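> Dropping in model-v2.csv, which is CSV, C-alpha atoms:
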chain,number,residue,atom,x,y,z
A,1085,MET,CA,-13.0,-34.8,-5.0
A,1086,ALA,CA,-9.3,-34.3,-5.6
A,1087,ILE,CA,-6.5,-32.2,-4.4
A,1088,LEU,CA,-5.1,-30.4,-7.5
A,1089,ASN,CA,-1.5,-29.3,-8.1
A,1090,ILE,CA,-1.0,-25.5,-7.5
A,1091,LEU,CA,1.3,-23.8,-10.0
A,1092,GLU,CA,4.0,-21.6,-8.5
A,1093,PHE,CA,5.6,-18.4,-9.7
A,1094,PRO,CA,7.4,-18.1,-12.1
A,1095,ASP,CA,5.6,-20.9,-13.9
A,1096,SER,CA,4.6,-19.4,-17.3
A,1097,ARG,CA,1.2,-21.2,-17.2
A,1098,LEU,CA,0.2,-18.7,-14.6
A,1099,ARG,CA,0.3,-16.0,-17.3
A,1100,THR,CA,-2.4,-17.7,-19.4
A,1101,ILE,CA,-5.6,-15.7,-19.8
A,1102,ALA,CA,-8.6,-17.8,-18.8
A,1103,LYS,CA,-11.5,-18.4,-21.2
A,1104,PRO,CA,-15.1,-17.8,-20.2
A,1105,VAL,CA,-17.1,-20.8,-19.1
A,1106,ALA,CA,-19.7,-21.5,-21.9
A,1107,ALA,CA,-22.0,-23.6,-19.7
A,1108,VAL,CA,-22.0,-24.5,-16.0
A,1109,ASP,CA,-22.2,-28.3,-16.2
A,1110,GLU,CA,-21.2,-31.2,-14.0
A,1111,GLY,CA,-17.6,-30.8,-15.2
A,1112,VAL,CA,-17.5,-27.2,-14.0
A,1113,ARG,CA,-19.1,-28.1,-10.7
A,1114,GLN,CA,-16.6,-30.9,-10.2
A,1115,LEU,CA,-13.8,-28.4,-10.8
A,1116,VAL,CA,-15.3,-26.0,-8.2
A,1117,ASP,CA,-15.5,-28.8,-5.7
A,1118,ASP,CA,-11.9,-29.9,-6.4
A,1119,MET,CA,-10.7,-26.3,-6.2
A,1120,PHE,CA,-12.4,-25.8,-2.7
A,1121,GLU,CA,-10.8,-29.0,-1.5
A,1122,THR,CA,-7.4,-27.8,-2.8
A,1123,MET,CA,-7.8,-24.3,-1.4
A,1124,TYR,CA,-8.8,-25.6,2.1
A,1125,GLU,CA,-5.9,-28.2,2.1
A,1126,ALA,CA,-3.3,-25.6,1.1
A,1127,PRO,CA,-4.6,-23.7,3.3
A,1128,GLY,CA,-5.8,-20.5,1.5
A,1129,ILE,CA,-8.8,-18.2,1.3
A,1130,GLY,CA,-9.1,-17.9,-2.5
A,1131,LEU,CA,-8.1,-19.9,-5.6
A,1132,ALA,CA,-8.5,-19.2,-9.3
A,1133,ALA,CA,-8.7,-22.1,-11.8
A,1134,THR,CA,-5.6,-20.7,-13.6
A,1135,GLN,CA,-3.6,-21.6,-10.4
A,1136,VAL,CA,-4.4,-25.3,-10.9
A,1137,ASN,CA,-3.6,-25.1,-14.6
A,1138,VAL,CA,-7.3,-25.0,-15.8
A,1139,HIS,CA,-7.7,-21.9,-17.9
A,1140,LYS,CA,-11.4,-21.3,-17.3
A,1141,ARG,CA,-12.8,-18.2,-15.6
A,1142,VAL,CA,-13.6,-19.8,-12.2
A,1143,VAL,CA,-12.8,-18.6,-8.7
A,1144,VAL,CA,-13.5,-20.1,-5.3
A,1145,MET,CA,-13.2,-18.2,-2.0
A,1146,ASP,CA,-13.9,-18.6,1.7
A,1147,LEU,CA,-12.9,-15.8,4.0
A,1148,SER,CA,-14.5,-17.5,7.1
A,1149,GLU,CA,-12.4,-19.0,9.9
A,1150,ASP,CA,-14.5,-22.2,9.9
A,1151,ARG,CA,-15.0,-22.7,6.2
A,1152,SER,CA,-18.7,-21.9,6.4
A,1153,GLU,CA,-18.9,-19.2,3.7
A,1154,PRO,CA,-17.8,-20.8,0.4
A,1155,ARG,CA,-18.2,-18.4,-2.5
A,1156,VAL,CA,-18.1,-19.3,-6.2
A,1157,PHE,CA,-17.5,-16.8,-9.0
A,1158,ILE,CA,-17.8,-18.1,-12.6
A,1159,ASN,CA,-17.1,-15.7,-15.4
A,1160,PRO,CA,-16.6,-12.8,-12.9
A,1161,GLU,CA,-16.7,-9.2,-14.1
A,1162,LEU,CA,-15.3,-6.5,-11.9
A,1163,GLU,CA,-16.2,-2.8,-11.8
A,1164,PRO,CA,-14.4,-0.5,-9.3
A,1165,LEU,CA,-16.9,1.7,-7.5
A,1166,THR,CA,-14.4,4.2,-6.1
A,1167,ASP,CA,-11.0,5.8,-6.8
A,1168,GLU,CA,-10.1,5.4,-3.2
A,1169,MET,CA,-7.5,2.8,-2.6
A,1170,ASP,CA,-6.8,0.4,0.3
A,1171,GLN,CA,-3.5,-1.2,1.0
A,1172,TYR,CA,-3.5,-4.8,2.1
A,1173,GLN,CA,-0.7,-7.2,2.7
A,1174,GLU,CA,-1.3,-9.9,0.1
A,1175,GLY,CA,-0.1,-13.4,-0.1
A,1176,CYS,CA,-0.8,-16.1,-2.7
A,1177,LEU,CA,-0.8,-19.9,-2.9
A,1178,SER,CA,1.2,-19.5,-6.2
A,1179,VAL,CA,3.8,-17.4,-4.4
A,1180,PRO,CA,4.2,-19.3,-1.2
A,1181,GLY,CA,5.9,-17.7,1.8
A,1182,PHE,CA,5.8,-14.1,0.5
A,1183,TYR,CA,3.6,-11.2,1.6
A,1184,GLU,CA,3.7,-7.7,0.2
A,1185,ASN,CA,1.5,-4.6,0.4
A,1186,VAL,CA,-0.7,-4.0,-2.7
A,1187,ASP,CA,-3.0,-1.0,-3.3
A,1188,ARG,CA,-6.4,-1.8,-4.8
A,1189,PRO,CA,-9.8,0.0,-5.1
A,1190,GLN,CA,-11.7,-0.1,-1.7
A,1191,ARG,CA,-15.1,-1.1,-3.3
A,1192,VAL,CA,-15.9,-3.1,-6.3
A,1193,LYS,CA,-19.1,-4.5,-7.9
A,1194,VAL,CA,-18.9,-8.1,-9.1
A,1195,LYS,CA,-21.2,-9.8,-11.6
A,1196,ALA,CA,-20.8,-13.6,-11.8
A,1197,LEU,CA,-22.5,-17.0,-12.0
A,1198,ASP,CA,-22.8,-19.2,-9.0
A,1199,ARG,CA,-22.1,-23.0,-8.8
A,1200,GLU,CA,-25.5,-23.7,-10.4
A,1201,GLY,CA,-24.9,-21.2,-13.2
A,1202,GLN,CA,-27.3,-18.6,-11.7
A,1203,PRO,CA,-26.2,-14.9,-12.2
A,1204,TYR,CA,-25.8,-12.7,-9.3
A,1205,GLU,CA,-24.2,-9.3,-8.3
A,1206,LEU,CA,-22.5,-8.2,-5.2
A,1207,ILE,CA,-20.8,-5.1,-3.8
A,1208,ALA,CA,-17.5,-6.0,-2.0
A,1209,GLU,CA,-15.4,-4.0,0.4
A,1210,GLY,CA,-12.4,-4.7,2.6
A,1211,LEU,CA,-10.8,-8.1,2.4
A,1212,LEU,CA,-13.5,-9.5,0.2
A,1213,ALA,CA,-12.9,-6.7,-2.4
A,1214,VAL,CA,-9.1,-7.4,-2.2
A,1215,CYS,CA,-9.5,-11.1,-2.6
A,1216,ILE,CA,-11.9,-10.9,-5.5
A,1217,GLN,CA,-9.6,-8.5,-7.3
A,1218,HIS,CA,-6.5,-10.7,-6.6
A,1219,GLU,CA,-8.2,-13.8,-7.9
A,1220,CYS,CA,-9.6,-12.1,-11.0
A,1221,ASP,CA,-6.1,-10.9,-11.7
A,1222,HIS,CA,-5.1,-14.6,-11.9
A,1223,LEU,CA,-7.8,-15.2,-14.6
A,1224,ASN,CA,-6.1,-12.4,-16.6
A,1225,GLY,CA,-2.6,-13.8,-16.2
A,1226,LYS,CA,-1.5,-11.4,-13.5
A,1227,LEU,CA,0.0,-12.0,-10.1
A,1228,PHE,CA,0.2,-9.8,-7.1
A,1229,VAL,CA,4.0,-9.6,-7.5
A,1230,ASP,CA,3.3,-7.6,-10.8
A,1231,TYR,CA,2.3,-4.7,-8.5
A,1232,LEU,CA,5.7,-4.7,-6.9
A,1233,SER,CA,9.0,-3.1,-7.9
A,1234,ASN,CA,11.2,-5.0,-10.4
A,1235,LEU,CA,13.7,-5.4,-7.6
A,1236,LYS,CA,11.2,-7.1,-5.2
A,1237,ARG,CA,9.7,-9.2,-7.9
A,1238,ASP,CA,13.1,-10.5,-9.1
A,1239,ARG,CA,14.2,-11.2,-5.5
A,1240,ILE,CA,11.0,-13.3,-4.9
A,1241,LYS,CA,11.4,-15.1,-8.3
A,1242,LYS,CA,15.1,-16.0,-7.6
A,1243,LYS,CA,14.2,-17.4,-4.1
A,1244,LEU,CA,11.3,-19.5,-5.5
A,1245,GLU,CA,13.4,-20.8,-8.4
A,1246,LYS,CA,16.1,-21.8,-5.9
A,1247,LEU,CA,13.5,-23.6,-3.7
A,1248,HIS,CA,12.0,-25.4,-6.8
A,1249,LYS,CA,15.5,-26.6,-7.7
A,1250,GLN,CA,16.1,-27.9,-4.2
A,1251,ASN,CA,12.8,-29.7,-4.2
A,1252,ALA,CA,13.2,-31.2,-7.6
Kindly return the structure encoded in the file as structure tokens.

Amino acid sequence: MAILNILEFPDSRLRTIAKPVAAVDEGVRQLVDDMFETMYEAPGIGLAATQVNVHKRVVVMDLSEDRSEPRVFINPELEPLTDEMDQYQEGCLSVPGFYENVDRPQRVKVKALDREGQPYELIAEGLLAVCIQHECDHLNGKLFVDYLSNLKRDRIKKKLEKLHKQNA
């Protein structure tokens, strides 16, 4: 397994729309394993392949405290099940150090393939629903900062650009 490099906002590669996975093969399973290792090391609770500069529709997630509930979503499809919105304070491994409130549908249905390529469906609520929507946004080239005002987004962008220059 390998720790992958996580792209950071405003890197334009984060805006790439991911392509569907044609077949879940050993290469995709290796990507999933590397993504879990990267996410746990970061540490985070979700990671989309787009964030590690692999433009395939793959998401990994683990909301447990003890890393005991790894979830894999390959080619995820989302369907909101309610118009009711929840507000959560979201952060992102690609926007390190920033947390902002984002409104998202409370309940969603997800259809995806698991690590072995088997199809499954799940109804998600609460943090799981938020996380799935956040990671699926990445697959569509969207970041949580896109839900913020231009002023907030520009402020975050300037701070991260300054940090990237200092660390270069």
> One number please: CA of Asn1089 (chain A) to CA of Cys1215 (chain A), in Å, one decimal.
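CA of Asn1089 (chain A) sits 20.6 Å away from CA of Cys1215 (chain A).
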> Pick out the closest residue to Gln1173 (chain A) from this set: A:Thr1134, A:Gln1190, A:Ser1152, A:Asn1185. Count only C-alpha atoms.
A:Asn1185
> With a cut-off of 12 Å, could you pull out the residues of region 1131-1150 of chain A touching region 1225-1239 of chain A and give me the nearest pair of atoms for each, distance in Å to one decimal, using all atoms listed in the file, ordered by chain and ascending number, as CSV?

residue,atom,partner,partner_atom,distance
A:Ala1132,CA,A:Gly1225,CA,10.6
A:Ala1133,CA,A:Gly1225,CA,11.2
A:Thr1134,CA,A:Gly1225,CA,8.0
A:Gln1135,CA,A:Gly1225,CA,9.8
A:Asn1137,CA,A:Gly1225,CA,11.5
A:His1139,CA,A:Gly1225,CA,9.7
A:Lys1140,CA,A:Gly1225,CA,11.6
A:Arg1141,CA,A:Gly1225,CA,11.1
> Which polymer residues have any atom within 8 Å of an atom of Val1142 (chain A), counting all atoms listed in the file, with same-chain residues fewer than 5 positions away left out, as number ranges by chain?
A: 1105, 1116, 1132-1133, 1156-1160, 1223
> Would you kindly return, as a VMD selection string, each protein, DNA or RNA residue with an atom no farther than 12 Å from any atom of Glu1153 (chain A), considering all atoms listed in the file and excluding same-chain residues fewer than 3 positions away?
chain A and resid 1120 1129 to 1130 1144 to 1150 1156 1212
> How far is it from CA of Pro1180 (chain A) to CA of Met1119 (chain A), in Å with one decimal?
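Computing the Euclidean distance for CA of Pro1180 (chain A) and CA of Met1119 (chain A) yields 17.2 Å.
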> To one decimal in Å, tell me the separation between CA of Gly1201 (chain A) and CA of Leu1088 (chain A).
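Separation between CA of Gly1201 (chain A) and CA of Leu1088 (chain A): 22.6 Å.
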> Got a sec to check which residues sit within 7 Å of (-7.7, -26.2, -5.7), counting all atoms listed in the file, and write them as a PyMOL selection string?
chain A and resi 1087-1088+1090+1118-1123+1131+1136
> Can you tell me which residues surround region 1242-1247 of chain A at a distance of at most 9 Å, considering only C-alpha atoms, apart from same-chain residues fewer than 5 positions away, and format the answer as a list in words?
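Neighbouring residues, sequence-local ones excluded: Glu1092, Phe1093, Pro1094, Val1179, Pro1180, Arg1237 and Ala1252 of chain A.
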> Would you please work out which residue, of A:Glu1161, A:Glu1209, A:Asp1221, A:Asp1167, is nearest to Val1194 (chain A) when using all atoms listed in the file?
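Between A:Glu1161, A:Glu1209, A:Asp1221, A:Asp1167, the residue approaching Val1194 (chain A) most closely is A:Glu1161.
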> Residues at most 7 Å from region 1203-1206 of chain A, counting only C-alpha atoms, excluding those fewer than 5 positions away in the same chain, as a list in words?
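In the requested format, the answer is Lys1193, Val1194, Lys1195, Ala1196, Leu1197 and Asp1198 of chain A.
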> May I have the selected residues written with C-alpha atoms, as an mmCIF file, in the coordinates of the input?

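Result file follows (out.cif):
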data_model
loop_
_atom_site.group_PDB
_atom_site.id
_atom_site.type_symbol
_atom_site.label_atom_id
_atom_site.label_comp_id
_atom_site.auth_asym_id
_atom_site.auth_seq_id
_atom_site.Cartn_x
_atom_site.Cartn_y
_atom_site.Cartn_z
ATOM 1 C CA LYS A 1193 -19.100 -4.500 -7.900
ATOM 2 C CA VAL A 1194 -18.900 -8.100 -9.100
ATOM 3 C CA LYS A 1195 -21.200 -9.800 -11.600
ATOM 4 C CA ALA A 1196 -20.800 -13.600 -11.800
ATOM 5 C CA LEU A 1197 -22.500 -17.000 -12.000
ATOM 6 C CA ASP A 1198 -22.800 -19.200 -9.000
#
> Calculated over all atoms listed in the file, which of the candidates A:Met1169, A:Leu1098, A:Val1108, A:Ile1207 has the smallest distance to Val1186 (chain A)?
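Closest candidate: A:Met1169.
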> Which of these, A:Gly1210, A:Pro1164, A:Pro1127, A:Pro1189, has the shortest distance to Leu1177 (chain A) once you count all atoms listed in the file?
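Residue with the minimum atom-to-atom distance to Leu1177 (chain A): A:Pro1127.
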> Given all atoms listed in the file as the basis, pick out the residue of A:Glu1163, A:Glu1200, A:Asp1117, A:Glu1184 nearest to Ala1213 (chain A).
A:Glu1163
> Would you kindly place N, CA and C atoms on region 1166-1180 of chain A and return the model as a PDB file, in the coordinates of the input?

ATOM      1  N   THR A1166     -15.002   3.038  -6.682  1.00  0.00           N
ATOM      2  CA  THR A1166     -14.400   4.200  -6.100  1.00  0.00           C
ATOM      3  C   THR A1166     -12.949   4.345  -6.585  1.00  0.00           C
ATOM      4  N   ASP A1167     -12.456   5.565  -6.528  1.00  0.00           N
ATOM      5  CA  ASP A1167     -11.000   5.800  -6.800  1.00  0.00           C
ATOM      6  C   ASP A1167     -10.186   5.642  -5.583  1.00  0.00           C
ATOM      7  N   GLU A1168     -10.856   5.554  -4.410  1.00  0.00           N
ATOM      8  CA  GLU A1168     -10.100   5.400  -3.200  1.00  0.00           C
ATOM      9  C   GLU A1168      -9.488   4.030  -3.098  1.00  0.00           C
ATOM     10  N   MET A1169      -8.233   4.032  -2.666  1.00  0.00           N
ATOM     11  CA  MET A1169      -7.500   2.800  -2.600  1.00  0.00           C
ATOM     12  C   MET A1169      -7.275   2.336  -1.167  1.00  0.00           C
ATOM     13  N   ASP A1170      -7.202   1.033  -0.980  1.00  0.00           N
ATOM     14  CA  ASP A1170      -6.800   0.400   0.300  1.00  0.00           C
ATOM     15  C   ASP A1170      -5.549  -0.345   0.066  1.00  0.00           C
ATOM     16  N   GLN A1171      -4.722  -0.395   1.095  1.00  0.00           N
ATOM     17  CA  GLN A1171      -3.500  -1.200   1.000  1.00  0.00           C
ATOM     18  C   GLN A1171      -3.660  -2.401   1.911  1.00  0.00           C
ATOM     19  N   TYR A1172      -3.477  -3.581   1.346  1.00  0.00           N
ATOM     20  CA  TYR A1172      -3.500  -4.800   2.100  1.00  0.00           C
ATOM     21  C   TYR A1172      -2.240  -5.590   1.864  1.00  0.00           C
ATOM     22  N   GLN A1173      -1.840  -6.330   2.877  1.00  0.00           N
ATOM     23  CA  GLN A1173      -0.700  -7.200   2.700  1.00  0.00           C
ATOM     24  C   GLN A1173      -1.250  -8.499   2.059  1.00  0.00           C
ATOM     25  N   GLU A1174      -0.820  -8.775   0.836  1.00  0.00           N
ATOM     26  CA  GLU A1174      -1.300  -9.900   0.100  1.00  0.00           C
ATOM     27  C   GLU A1174      -0.318 -11.042   0.067  1.00  0.00           C
ATOM     28  N   GLY A1175      -0.846 -12.247   0.085  1.00  0.00           N
ATOM     29  CA  GLY A1175      -0.100 -13.400  -0.100  1.00  0.00           C
ATOM     30  C   GLY A1175      -0.765 -14.243  -1.212  1.00  0.00           C
ATOM     31  N   CYS A1176      -0.170 -15.352  -1.609  1.00  0.00           N
ATOM     32  CA  CYS A1176      -0.800 -16.100  -2.700  1.00  0.00           C
ATOM     33  C   CYS A1176      -0.263 -17.552  -2.653  1.00  0.00           C
ATOM     34  N   LEU A1177      -1.175 -18.488  -2.894  1.00  0.00           N
ATOM     35  CA  LEU A1177      -0.800 -19.900  -2.900  1.00  0.00           C
ATOM     36  C   LEU A1177       0.212 -20.197  -4.015  1.00  0.00           C
ATOM     37  N   SER A1178       0.242 -19.351  -5.053  1.00  0.00           N
ATOM     38  CA  SER A1178       1.200 -19.500  -6.200  1.00  0.00           C
ATOM     39  C   SER A1178       2.518 -18.814  -5.913  1.00  0.00           C
ATOM     40  N   VAL A1179       2.583 -18.052  -4.821  1.00  0.00           N
ATOM     41  CA  VAL A1179       3.800 -17.400  -4.400  1.00  0.00           C
ATOM     42  C   VAL A1179       4.021 -17.639  -2.940  1.00  0.00           C
ATOM     43  N   PRO A1180       4.242 -18.921  -2.597  1.00  0.00           N
ATOM     44  CA  PRO A1180       4.200 -19.300  -1.200  1.00  0.00           C
ATOM     45  C   PRO A1180       5.322 -18.660  -0.352  1.00  0.00           C
TER      46      PRO A1180
END
